[in-house]
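With TSV, C-alpha atoms inside, this is data-v4.tsv:
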chain	number	residue	atom	x	y	z
I	90	MET	CA	99.33	-55.29	30.41
I	91	TYR	CA	98.29	-53.00	33.24
I	92	ASP	CA	95.54	-53.98	35.65
I	93	LEU	CA	93.89	-50.60	35.29
I	94	MET	CA	94.25	-47.54	33.17
I	95	ILE	CA	92.74	-44.24	34.16
I	96	ILE	CA	92.21	-41.74	31.38
I	97	GLY	CA	92.04	-38.18	32.62
I	98	GLY	CA	93.91	-36.41	35.42
I	99	GLY	CA	91.41	-34.09	37.05
I	100	PRO	CA	90.09	-34.57	40.59
I	101	SER	CA	88.28	-37.73	39.55
I	102	GLY	CA	91.18	-39.41	37.74
I	103	MET	CA	93.74	-38.48	40.39
I	104	THR	CA	91.53	-39.74	43.22
I	105	ALA	CA	90.91	-42.98	41.31
I	106	ALA	CA	94.68	-43.36	40.88
I	107	VAL	CA	95.33	-43.08	44.61
I	108	TYR	CA	92.60	-45.58	45.43
I	109	ALA	CA	93.85	-48.00	42.77
I	110	ALA	CA	97.44	-47.74	44.01
I	111	ARG	CA	96.32	-48.46	47.56
I	112	LYS	CA	94.66	-51.62	46.27
I	113	ARG	CA	98.03	-52.50	44.74
I	114	LEU	CA	96.67	-52.43	41.23
I	115	ASN	CA	99.29	-52.03	38.54
I	116	THR	CA	97.91	-48.71	37.33
I	117	LEU	CA	98.52	-46.29	34.47
I	118	LEU	CA	97.27	-42.70	34.64
I	119	LEU	CA	97.15	-41.11	31.21
I	120	SER	CA	96.25	-37.47	30.82
I	121	LYS	CA	96.83	-34.27	28.91
I	122	ASP	CA	97.42	-32.48	32.19
I	123	LEU	CA	96.97	-32.90	35.91
I	124	GLY	CA	94.21	-30.81	37.42
I	125	GLY	CA	91.91	-30.31	34.44
I	126	GLN	CA	89.23	-27.68	34.80
I	127	VAL	CA	90.18	-26.96	38.41
I	128	ASN	CA	93.39	-25.38	37.17
I	129	TRP	CA	91.21	-22.58	35.80
I	130	THR	CA	89.23	-22.10	38.97
I	131	LEU	CA	90.21	-19.11	41.02
I	132	GLY	CA	88.89	-19.62	44.50
I	133	ILE	CA	87.35	-22.74	46.01
I	134	GLU	CA	85.43	-22.48	49.26
I	135	ASN	CA	83.54	-25.77	49.23
I	136	TYR	CA	86.19	-28.45	49.04
I	137	MET	CA	86.17	-29.81	52.56
I	138	GLY	CA	89.32	-29.37	54.58
I	139	TYR	CA	90.06	-25.99	53.02
I	140	GLN	CA	88.07	-22.89	53.88
I	141	PHE	CA	89.63	-21.25	50.84
I	142	ILE	CA	92.09	-22.57	48.30
I	143	GLU	CA	92.95	-21.65	44.73
I	144	GLY	CA	92.32	-24.24	42.04
I	145	PRO	CA	95.92	-24.83	40.93
I	146	GLU	CA	97.05	-25.09	44.54
I	147	LEU	CA	94.46	-27.73	45.36
I	148	MET	CA	95.47	-29.66	42.25
I	149	GLN	CA	99.11	-29.41	43.22
I	150	LYS	CA	98.19	-31.06	46.50
I	151	PHE	CA	96.32	-33.81	44.63
I	152	GLU	CA	99.36	-34.28	42.41
I	153	GLU	CA	101.74	-34.57	45.36
I	154	GLN	CA	99.51	-37.27	46.81
I	155	VAL	CA	99.34	-39.17	43.51
I	156	LYS	CA	103.12	-39.06	43.19
I	157	LYS	CA	103.58	-40.68	46.61
I	158	PHE	CA	102.35	-43.94	45.14
I	159	PRO	CA	104.01	-46.31	42.69
I	160	LEU	CA	101.89	-45.48	39.65
I	161	ASP	CA	102.80	-44.96	36.03
I	162	VAL	CA	101.77	-41.39	35.32
I	163	LYS	CA	102.00	-40.21	31.73
I	164	ILE	CA	101.17	-36.55	31.31
I	165	GLY	CA	101.00	-34.57	28.11
I	166	GLN	CA	99.25	-37.47	26.43
I	167	GLY	CA	95.80	-37.00	25.10
I	168	VAL	CA	94.10	-40.23	24.16
I	169	SER	CA	92.78	-40.51	20.65
I	170	SER	CA	91.08	-43.90	20.74
I	171	LEU	CA	89.87	-46.63	23.02
I	172	ALA	CA	89.07	-50.16	21.89
I	173	GLN	CA	88.07	-53.42	23.49
I	174	ILE	CA	90.69	-56.12	22.98
I	175	SER	CA	90.97	-59.69	24.19
I	176	GLY	CA	91.32	-59.55	27.97
I	177	GLY	CA	90.79	-55.82	28.31
I	178	PHE	CA	91.17	-52.48	26.61
I	179	GLU	CA	93.69	-50.70	24.44
I	180	THR	CA	94.17	-46.96	24.08
I	181	ARG	CA	96.17	-45.07	21.58
I	182	ALA	CA	97.73	-41.83	22.81
I	183	ASP	CA	98.01	-38.80	20.55
I	184	GLY	CA	101.69	-39.57	20.05
I	185	GLY	CA	100.84	-43.01	18.65
I	186	GLU	CA	101.87	-45.13	21.65
I	187	THR	CA	99.42	-47.83	22.69
I	188	TYR	CA	98.66	-49.02	26.19
I	189	GLN	CA	96.73	-52.08	27.36
I	190	ALA	CA	94.91	-52.75	30.61
I	191	LYS	CA	92.42	-55.26	31.96
I	192	ALA	CA	90.08	-52.51	33.10
I	193	ALA	CA	89.71	-48.81	32.37
I	194	ILE	CA	88.23	-45.72	33.98
I	195	ILE	CA	87.25	-42.78	31.79
I	196	ALA	CA	87.58	-39.55	33.77
I	197	THR	CA	88.13	-37.08	30.95
I	198	GLY	CA	85.94	-34.29	32.29
I	199	LYS	CA	84.55	-31.41	30.30
I	200	ARG	CA	85.88	-28.54	28.23
I	201	PRO	CA	84.54	-25.10	27.36
I	202	ARG	CA	81.97	-25.18	24.61
I	203	PRO	CA	83.25	-23.39	21.52
I	204	LEU	CA	81.10	-21.00	19.49
I	205	ASN	CA	81.93	-22.75	16.22
I	206	VAL	CA	82.01	-19.55	14.20
I	207	PRO	CA	84.53	-18.20	11.69
I	208	GLY	CA	87.52	-16.49	13.28
I	209	GLU	CA	87.30	-18.42	16.53
I	210	GLU	CA	90.23	-20.79	15.92
I	211	LYS	CA	92.48	-18.08	14.56
I	212	LEU	CA	91.86	-15.56	17.33
I	213	ARG	CA	91.98	-17.89	20.31
I	214	GLY	CA	94.44	-16.39	22.79
I	215	ARG	CA	94.49	-13.24	20.67
I	216	GLY	CA	91.63	-11.49	22.36
I	217	LEU	CA	89.29	-14.46	22.36
I	218	THR	CA	89.31	-16.37	25.63
I	219	TYR	CA	87.32	-19.00	27.47
I	220	CYS	CA	88.65	-17.96	30.85
I	221	ALA	CA	87.41	-14.54	31.87
I	222	ILE	CA	88.88	-14.76	35.35
I	223	CYS	CA	92.32	-15.48	33.91
I	224	ASP	CA	92.51	-13.00	31.09
I	225	GLY	CA	89.89	-10.38	31.98
I	226	PRO	CA	92.30	-7.87	33.55
I	227	LEU	CA	94.22	-7.70	30.26
I	228	PHE	CA	91.29	-5.82	28.78
I	229	ALA	CA	91.08	-3.01	31.32
I	230	GLY	CA	89.86	0.19	29.69
I	231	MET	CA	88.81	-1.55	26.46
I	232	LYS	CA	85.54	-2.60	24.88
I	233	VAL	CA	84.75	-6.27	25.29
I	234	ALA	CA	81.97	-8.74	24.59
I	235	VAL	CA	80.84	-11.54	26.86
I	236	ILE	CA	79.01	-14.34	25.09
I	237	GLY	CA	76.47	-16.34	27.08
I	238	GLY	CA	73.55	-15.87	29.42
I	239	GLY	CA	74.22	-18.22	32.34
I	240	ASN	CA	76.02	-17.70	35.61
I	241	SER	CA	79.54	-17.86	34.18
I	242	ALA	CA	78.70	-15.24	31.57
I	243	LEU	CA	77.05	-12.99	34.14
I	244	GLU	CA	80.01	-13.32	36.49
I	245	ALA	CA	82.36	-12.45	33.65
I	246	ALA	CA	80.21	-9.44	32.73
I	247	ASP	CA	80.10	-8.34	36.35
I	248	ASP	CA	83.90	-8.55	36.61
I	249	MET	CA	84.40	-6.71	33.33
I	250	VAL	CA	82.01	-3.77	33.87
I	251	LYS	CA	84.28	-2.74	36.73
I	252	ILE	CA	87.39	-2.46	34.58
I	253	ALA	CA	86.40	-2.31	30.91
I	254	ASP	CA	85.33	0.78	29.00
I	255	HIS	CA	82.19	-0.96	27.78
I	256	VAL	CA	80.79	-4.47	27.98
I	257	TYR	CA	78.40	-6.07	25.51
I	258	LEU	CA	76.61	-9.13	26.83
I	259	VAL	CA	75.38	-11.28	23.95
I	260	SER	CA	73.07	-14.18	24.71
I	261	LEU	CA	71.26	-16.61	22.45
I	262	THR	CA	68.47	-16.90	25.02
I	263	PRO	CA	66.98	-14.73	27.76
I	264	LEU	CA	69.41	-14.58	30.71
I	265	THR	CA	69.28	-17.88	32.56
I	266	GLY	CA	71.63	-17.15	35.44
I	267	ASP	CA	70.70	-16.49	39.06
I	268	GLN	CA	68.48	-13.44	39.57
I	269	ILE	CA	70.91	-11.96	42.08
I	270	LEU	CA	73.61	-11.88	39.41
I	271	ILE	CA	71.26	-10.54	36.74
I	272	ASP	CA	70.27	-7.65	39.01
I	273	LYS	CA	73.88	-6.90	39.84
I	274	VAL	CA	74.96	-6.78	36.21
I	275	LYS	CA	71.97	-4.89	34.86
I	276	GLY	CA	72.66	-1.93	37.11
I	277	ALA	CA	75.95	-1.15	35.33
I	278	ASN	CA	75.86	1.92	33.07
I	279	ASN	CA	78.62	0.67	30.77
I	280	LEU	CA	76.78	-2.53	29.82
I	281	THR	CA	74.65	-3.22	26.76
I	282	VAL	CA	72.72	-6.46	26.65
I	283	PHE	CA	71.75	-8.19	23.40
I	284	LEU	CA	69.32	-10.97	24.15
I	285	GLU	CA	68.31	-13.59	21.58
I	286	HIS	CA	71.25	-12.68	19.42
I	287	GLU	CA	73.63	-15.14	17.82
I	288	VAL	CA	77.30	-14.62	17.13
I	289	LEU	CA	78.11	-14.97	13.43
I	290	GLU	CA	81.79	-14.16	13.33
I	291	ILE	CA	84.81	-13.06	15.32
I	292	ALA	CA	86.63	-10.50	13.23
I	293	GLY	CA	90.27	-9.47	13.30
I	294	GLU	CA	93.58	-10.12	11.63
I	295	LYS	CA	96.19	-10.59	14.33
I	296	PHE	CA	93.94	-9.70	17.23
I	297	VAL	CA	90.22	-9.50	17.85
I	298	GLY	CA	88.79	-6.33	16.33
I	299	GLY	CA	85.10	-6.99	16.64
I	300	ILE	CA	82.21	-9.42	16.42
I	301	ARG	CA	79.24	-9.71	14.14
I	302	ILE	CA	75.95	-10.65	15.77
I	303	ARG	CA	72.41	-11.19	14.49
I	304	ASP	CA	69.02	-10.71	16.12
I	305	LEU	CA	67.26	-14.08	16.01
I	306	LYS	CA	63.84	-12.48	15.42
I	307	SER	CA	64.43	-9.49	13.17
I	308	ARG	CA	67.49	-11.11	11.46
I	309	GLN	CA	69.13	-7.72	11.71
I	310	GLU	CA	72.92	-7.90	11.80
I	311	ARG	CA	75.15	-5.65	13.81
I	312	GLU	CA	78.88	-5.22	14.25
I	313	LEU	CA	80.42	-4.49	17.61
I	314	GLN	CA	83.95	-3.11	17.85
I	315	VAL	CA	85.63	-4.98	20.69
I	316	SER	CA	89.18	-5.98	21.61
I	317	GLY	CA	88.21	-8.87	23.82
I	318	VAL	CA	85.66	-11.67	23.54
I	319	PHE	CA	84.87	-13.91	26.50
I	320	VAL	CA	83.08	-17.09	25.54
I	321	GLU	CA	81.07	-18.43	28.48
I	322	ILE	CA	78.47	-20.71	26.92
I	323	GLY	CA	78.90	-23.78	29.05
I	324	LEU	CA	80.86	-26.99	28.90
I	325	ILE	CA	80.82	-30.14	26.82
I	326	PRO	CA	81.85	-33.60	27.99
I	327	ASN	CA	85.06	-35.10	26.60
I	328	SER	CA	83.31	-38.33	25.70
I	329	GLU	CA	84.29	-38.64	22.01
I	330	LEU	CA	86.70	-41.41	23.00
I	331	THR	CA	83.91	-43.82	23.80
I	332	LYS	CA	81.70	-42.91	20.86
I	333	GLY	CA	80.07	-45.99	19.44
I	334	ILE	CA	81.32	-48.16	22.30
I	335	ILE	CA	79.06	-47.14	25.15
I	336	ALA	CA	75.94	-45.06	25.62
I	337	VAL	CA	75.95	-41.30	26.10
I	338	ASN	CA	72.93	-39.17	26.98
I	339	ARG	CA	71.63	-36.27	24.90
I	340	LEU	CA	74.22	-33.97	26.50
I	341	GLY	CA	77.00	-36.30	25.39
I	342	GLU	CA	77.67	-37.49	28.95
I	343	ILE	CA	78.65	-41.13	29.50
I	344	GLU	CA	75.81	-42.96	31.19
I	345	VAL	CA	76.89	-44.80	34.33
I	346	ASN	CA	74.98	-46.51	37.11
I	347	CYS	CA	75.60	-45.74	40.78
I	348	ALA	CA	78.58	-48.13	40.72
I	349	ASN	CA	80.24	-46.18	37.87
I	350	GLU	CA	79.66	-49.06	35.46
I	351	THR	CA	79.15	-48.11	31.83
I	352	GLY	CA	77.42	-51.29	30.74
I	353	MET	CA	80.58	-52.71	29.22
I	354	PRO	CA	82.28	-55.06	31.69
I	355	GLY	CA	85.58	-53.63	32.89
I	356	LEU	CA	84.91	-50.14	31.59
I	357	PHE	CA	84.06	-47.54	34.20
I	358	ALA	CA	83.57	-43.78	34.07
I	359	ALA	CA	83.69	-41.08	36.71
I	360	GLY	CA	83.33	-37.36	37.26
I	361	ASP	CA	82.14	-34.57	35.00
I	362	VAL	CA	82.24	-36.66	31.82
I	363	THR	CA	79.41	-38.81	33.21
I	364	ASN	CA	75.72	-38.22	33.78
I	365	VAL	CA	76.23	-37.97	37.55
I	366	PRO	CA	74.21	-35.00	38.78
I	367	GLU	CA	76.22	-32.03	40.10
I	368	LYS	CA	79.56	-31.19	38.58
I	369	GLN	CA	81.56	-30.38	41.67
I	370	ILE	CA	85.18	-31.08	42.64
I	371	VAL	CA	84.16	-32.96	45.74
I	372	VAL	CA	81.65	-35.04	43.76
I	373	ALA	CA	84.17	-35.80	41.02
I	374	ALA	CA	86.74	-36.90	43.57
I	375	GLY	CA	84.20	-39.14	45.30
I	376	GLU	CA	83.14	-40.65	41.98
I	377	GLY	CA	86.78	-41.38	41.15
I	378	ALA	CA	87.17	-43.23	44.43
I	379	LYS	CA	84.03	-45.27	43.74
I	380	ALA	CA	85.13	-46.14	40.22
I	381	ALA	CA	88.56	-47.35	41.38
I	382	LEU	CA	87.05	-49.54	44.09
I	383	GLN	CA	84.58	-50.99	41.60
I	384	ALA	CA	87.38	-51.64	39.13
I	385	HIS	CA	89.31	-53.40	41.87
I	386	ARG	CA	86.29	-55.58	42.62
I	387	TYR	CA	85.89	-56.35	38.93
I	388	LEU	CA	89.56	-57.38	38.64
I	389	GLN	CA	89.26	-59.60	41.69
I	390	ARG	CA	86.30	-61.40	40.14
I	391	LEU	CA	88.23	-61.73	36.91
I	392	SER	CA	91.12	-63.53	38.62
I	393	GLU	CA	88.90	-65.89	40.60
G	4	MET	CA	126.05	-14.01	34.74
G	5	ALA	CA	122.65	-14.33	36.31
G	6	GLN	CA	119.78	-15.03	33.96
G	7	GLN	CA	117.27	-12.26	33.27
G	8	VAL	CA	113.82	-13.58	34.10
G	9	LYS	CA	110.65	-11.60	33.43
G	10	VAL	CA	107.12	-12.71	34.25
G	11	TYR	CA	104.21	-10.94	32.55
G	12	SER	CA	101.07	-11.68	34.51
G	13	VAL	CA	97.79	-10.43	35.93
G	14	PRO	CA	96.88	-10.62	39.62
G	15	THR	CA	93.80	-12.82	39.19
G	16	CYS	CA	95.24	-15.57	37.06
G	17	PRO	CA	95.84	-18.82	38.95
G	18	TRP	CA	98.62	-20.03	36.63
G	19	CYS	CA	100.45	-16.73	37.01
G	20	ARG	CA	100.57	-17.28	40.74
G	21	ARG	CA	101.73	-20.84	40.32
G	22	THR	CA	104.49	-19.71	37.97
G	23	LYS	CA	105.70	-17.09	40.43
G	24	GLN	CA	105.41	-19.56	43.31
G	25	PHE	CA	107.62	-21.97	41.37
G	26	LEU	CA	110.26	-19.28	40.85
G	27	ASP	CA	110.05	-18.20	44.49
G	28	ASP	CA	110.37	-21.80	45.69
G	29	ASN	CA	113.47	-22.22	43.57
G	30	LYS	CA	114.88	-18.86	44.71
G	31	ILE	CA	114.98	-17.48	41.16
G	32	PRO	CA	114.86	-13.67	41.13
G	33	TYR	CA	112.55	-12.24	38.48
G	34	GLN	CA	110.98	-9.02	37.29
G	35	ASP	CA	107.24	-9.13	37.98
G	36	LEU	CA	105.24	-7.20	35.37
G	37	ASN	CA	101.53	-6.67	35.90
G	38	VAL	CA	100.11	-6.36	32.41
G	39	ALA	CA	96.68	-5.42	33.76
G	40	SER	CA	97.97	-2.10	35.11
G	41	ASP	CA	101.22	-1.53	33.21
G	42	GLN	CA	100.36	-0.58	29.63
G	43	ASP	CA	104.00	-0.60	28.48
G	44	ALA	CA	104.49	-4.10	29.81
G	45	ARG	CA	101.30	-5.22	28.09
G	46	ASP	CA	102.51	-3.81	24.76
G	47	GLU	CA	105.92	-5.40	25.24
G	48	MET	CA	104.30	-8.78	25.90
G	49	VAL	CA	102.05	-8.48	22.86
G	50	THR	CA	105.01	-7.54	20.65
G	51	LYS	CA	107.06	-10.46	21.93
G	52	THR	CA	104.38	-13.12	21.74
G	53	GLU	CA	101.72	-11.78	19.36
G	54	GLN	CA	99.10	-13.13	21.70
G	55	LEU	CA	97.21	-12.20	24.85
G	56	ALA	CA	97.37	-15.13	27.22
G	57	VAL	CA	99.20	-14.97	30.54
G	58	PRO	CA	101.51	-15.83	32.16
G	59	VAL	CA	104.37	-15.17	29.76
G	60	VAL	CA	107.88	-15.98	30.98
G	61	ASP	CA	110.91	-14.47	29.31
G	62	ILE	CA	114.28	-16.01	30.20
G	63	ASP	CA	117.11	-14.21	28.41
G	64	GLY	CA	114.85	-13.63	25.45
G	65	ASP	CA	113.40	-17.13	25.25
G	66	ILE	CA	109.66	-17.07	25.67
G	67	SER	CA	107.11	-19.46	27.11
G	68	VAL	CA	103.37	-18.88	27.34
G	69	GLY	CA	101.63	-20.53	30.29
G	70	PHE	CA	103.14	-22.40	33.23
G	71	ASP	CA	105.44	-24.98	31.72
G	72	GLU	CA	107.40	-26.55	34.55
G	73	LYS	CA	109.54	-28.71	32.25
G	74	TRP	CA	110.59	-25.71	30.18
G	75	LEU	CA	111.34	-23.63	33.26
G	76	ARG	CA	113.46	-26.38	34.81
G	77	GLN	CA	115.38	-26.83	31.61
G	78	LYS	CA	115.99	-23.13	31.03
G	79	LEU	CA	116.96	-22.46	34.62
G	80	ASN	CA	119.08	-25.60	34.99
G	81	LEU	CA	117.01	-26.88	37.88
G	82	ALA	CA	117.12	-30.56	38.78
G	83	LYS	CA	113.90	-32.48	38.23
Let's see the structure in the file written out as structure tokens.
Amino acid sequence: MYDLMIIGGGPSGMTAAVYAARKRLNTLLLSKDLGGQVNWTLGIENYMGYQFIEGPELMQKFEEQVKKFPLDVKIGQGVSSLAQISGGFETRADGGETYQAKAAIIATGKRPRPLNVPGEEKLRGRGLTYCAICDGPLFAGMKVAVIGGGNSALEAADDMVKIADHVYLVSLTPLTGDQILIDKVKGANNLTVFLEHEVLEIAGEKFVGGIRIRDLKSRQERELQVSGVFVEIGLIPNSELTKGIIAVNRLGEIEVNCANETGMPGLFAAGDVTNVPEKQIVVAAGEGAKAALQAHRYLQRLSE
Amino acid sequence: MAQQVKVYSVPTCPWCRRTKQFLDDNKIPYQDLNVASDQDARDEMVTKTEQLAVPVVDIDGDISVGFDEKWLRQKLNLAK
């Protein structure tokens, strides 16, 4: 049985791992990948110590630091369940393996919110993307749709009006992003905005061919011929693992106190998956450090 | 004979850069195809992979989508 298992390998989980290793805890880090959301972040200008660094490069540096310590790191393993057992916790990885530890830190982060409409699963990576900065340039000269009305959607629209033939911005609500971005985007002559419209379907056989949208008020439906669809409608916490075990708030975030305690002794949570205000790399890293130190304290009390 | 390595990528994508950095670090020569500006390369990538995510790496006809260090090491006979 490990002293501590950390589930999730983003900035929070990796920082927790380093802190745990330095406390000589026998630690397991279990994650689908190392880096998490930061791997999809282009430029970072607010992680202290670097005036500018790309997301994957910063995560590579985190990874190098993690690998300096004697930790068990298992990557490529999503975790499908977590249960309380006598003397600690047990997780089951997607592959079926089980792991036990006296204490656990959940640092599973967030993922892009899906639209949940027909065609979405099938056309993912075939014109439908959740990462405009990654895939946007592939759609130069084409017609595309950006779904969403917040800052990420506006940034995607702003990037795309410069290179696409035409951009449709489809938002369920009035635009909620920063005014400076709204003004920037609205000036473009190859942009059409559909406010208070919902997406009904992503159409296409092998590749995206269009989308069907509906006006929330008039119920009028409309089809837009597009080759690319960028879904930018926010993020959802990866908290399904703890469903029924500990409390989540109405956004699905794990509720923790300022010591990263979840209310269940020995179970801690850190980073974007929690209700901590401000989802920032530097905050997530700090929360991971706090959670590991608290877990260490908990384990010390346990052995007394 | 040297392996033929092609990387289909776009300039803005962080994983594309990491893939190319990995090849550079390991002194693997490769053909760098920018599918944002090179329409033929884009079509070739779509034909090969039937999808539109980048990076795509082609090593002697074997294809990988995304940066998969394990796969690259295996294909290129690089020590872990």
When you get a sec, could you note down which chain G residues fall within 8 Å of chain I, using only C-alpha atoms, as a PyMOL selection string?
chain G and resi 13+15-18+21+38-40+45+53-57
Counting only C-alpha atoms, what is within 12 Å of stretch 74-78 of chain G, bar same-chain residues fewer than 3 positions away, as a list in words?
Gln6, Gln7, Val8, Val10, Thr22, Lys23, Phe25, Leu26, Asn29, Ile31, Val59, Val60, Asp61, Ile62, Asp63, Gly64, Asp65, Ile66, Ser67, Val68, Gly69, Phe70, Asp71, Leu81, Ala82 and Lys83 of chain G
Give me the residues within 12 Å of I:Tyr136 as a VMD selection string, counting all atoms listed in the file and dropping any in the same chain fewer than 2 places off.
chain I and resid 100 127 132 to 134 138 to 144 147 to 148 369 to 375
Just the residues within 9 Å of I:Thr331, please, counting only C-alpha atoms, with nothing from its chain fewer than 4 positions along; format it as number ranges by chain.
I: 170-172, 195, 335-337, 343
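Distance cut-off 7 Å, centre (85.6, -17.4, 11.3), atoms counted only C-alpha atoms; the residues meeting this are Val206, Pro207, Gly208, Glu209, Glu290 and Ile291 of chain I.
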What lies within 10 Å of I:Gln173 using only C-alpha atoms, ignoring chain neighbours under 6 positions off, as a PDB file with C-alpha atoms, in the coordinates of the input?
ATOM      1  CA  GLU I 179      93.690 -50.700  24.440  1.00  0.00           C
ATOM      2  CA  THR I 180      94.170 -46.960  24.080  1.00  0.00           C
ATOM      3  CA  GLN I 189      96.730 -52.080  27.360  1.00  0.00           C
ATOM      4  CA  ALA I 190      94.910 -52.750  30.610  1.00  0.00           C
ATOM      5  CA  LYS I 191      92.420 -55.260  31.960  1.00  0.00           C
ATOM      6  CA  ALA I 192      90.080 -52.510  33.100  1.00  0.00           C
ATOM      7  CA  ILE I 334      81.320 -48.160  22.300  1.00  0.00           C
ATOM      8  CA  MET I 353      80.580 -52.710  29.220  1.00  0.00           C
ATOM      9  CA  GLY I 355      85.580 -53.630  32.890  1.00  0.00           C
ATOM     10  CA  LEU I 356      84.910 -50.140  31.590  1.00  0.00           C
TER      11      LEU I 356
END
Neighbours of I:Lys273 within 10 Å (only C-alpha atoms; same-chain residues fewer than 6 positions away dropped), as number ranges by chain?
I: 243-244, 246-247
Please determine, counting all atoms listed in the file, which residue among I:Leu204, I:Val274, I:Val250, I:Leu391 has the shortest atom-to-atom distance to I:Gly323.
I:Leu204
May I ask for the distance between atom CA of I:Ile95 and atom CA of I:Tyr219, given in Å to one decimal place?
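Separation of atom CA of I:Ile95 and atom CA of I:Tyr219: 26.7 Å.
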Between atom CA of I:Arg386 and atom CA of I:Ala105, what distance in Å does the model show, to one decimal?
13.5 Å
Pick out the closest residue to I:Asp122 from this set: I:Ser169, I:Ser316, I:Gln154, I:Thr197. Count only C-alpha atoms.
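Among I:Ser169, I:Ser316, I:Gln154, I:Thr197, it is I:Thr197 that comes nearest to I:Asp122.
For the atom pair formed by atom CA of I:Leu118 and atom CA of I:Gly99, the distance is 10.7 Å, given to one decimal.
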Using all atoms listed in the file, can you tell me which of I:Asp361, I:Glu294, I:Asp304, I:Glu344 comes closest to I:Asn327?
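Nearest candidate to I:Asn327 out of I:Asp361, I:Glu294, I:Asp304, I:Glu344: I:Asp361.
If you measure from each of I:Val318, I:Ile325, I:Ile300, I:Met94 to I:Leu340 using all atoms listed in the file, the closest one turns out to be I:Ile325.
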Could you get me a file of stretch 163-178 of chain I with C-alpha atoms, as a PDB file, in the first residue's frame, taken from the block above?
ATOM      1  CA  LYS I 163       1.975   5.642 -14.162  1.00  0.00           C
ATOM      2  CA  ILE I 164       0.923   7.528 -17.260  1.00  0.00           C
ATOM      3  CA  GLY I 165      -1.685   6.545 -19.790  1.00  0.00           C
ATOM      4  CA  GLN I 166      -3.945   5.396 -16.985  1.00  0.00           C
ATOM      5  CA  GLY I 167      -7.253   7.056 -16.515  1.00  0.00           C
ATOM      6  CA  VAL I 168      -8.911   6.190 -13.244  1.00  0.00           C
ATOM      7  CA  SER I 169     -12.389   4.777 -13.416  1.00  0.00           C
ATOM      8  CA  SER I 170     -13.280   4.468  -9.737  1.00  0.00           C
ATOM      9  CA  LEU I 171     -12.231   5.469  -6.269  1.00  0.00           C
ATOM     10  CA  ALA I 172     -13.424   3.759  -3.098  1.00  0.00           C
ATOM     11  CA  GLN I 173     -12.730   3.974   0.589  1.00  0.00           C
ATOM     12  CA  ILE I 174     -11.224   0.757   1.948  1.00  0.00           C
ATOM     13  CA  SER I 175      -9.955  -0.244   5.360  1.00  0.00           C
ATOM     14  CA  GLY I 176      -6.899   1.902   6.078  1.00  0.00           C
ATOM     15  CA  GLY I 177      -7.199   4.091   3.004  1.00  0.00           C
ATOM     16  CA  PHE I 178      -8.388   4.254  -0.567  1.00  0.00           C
TER      17      PHE I 178
END
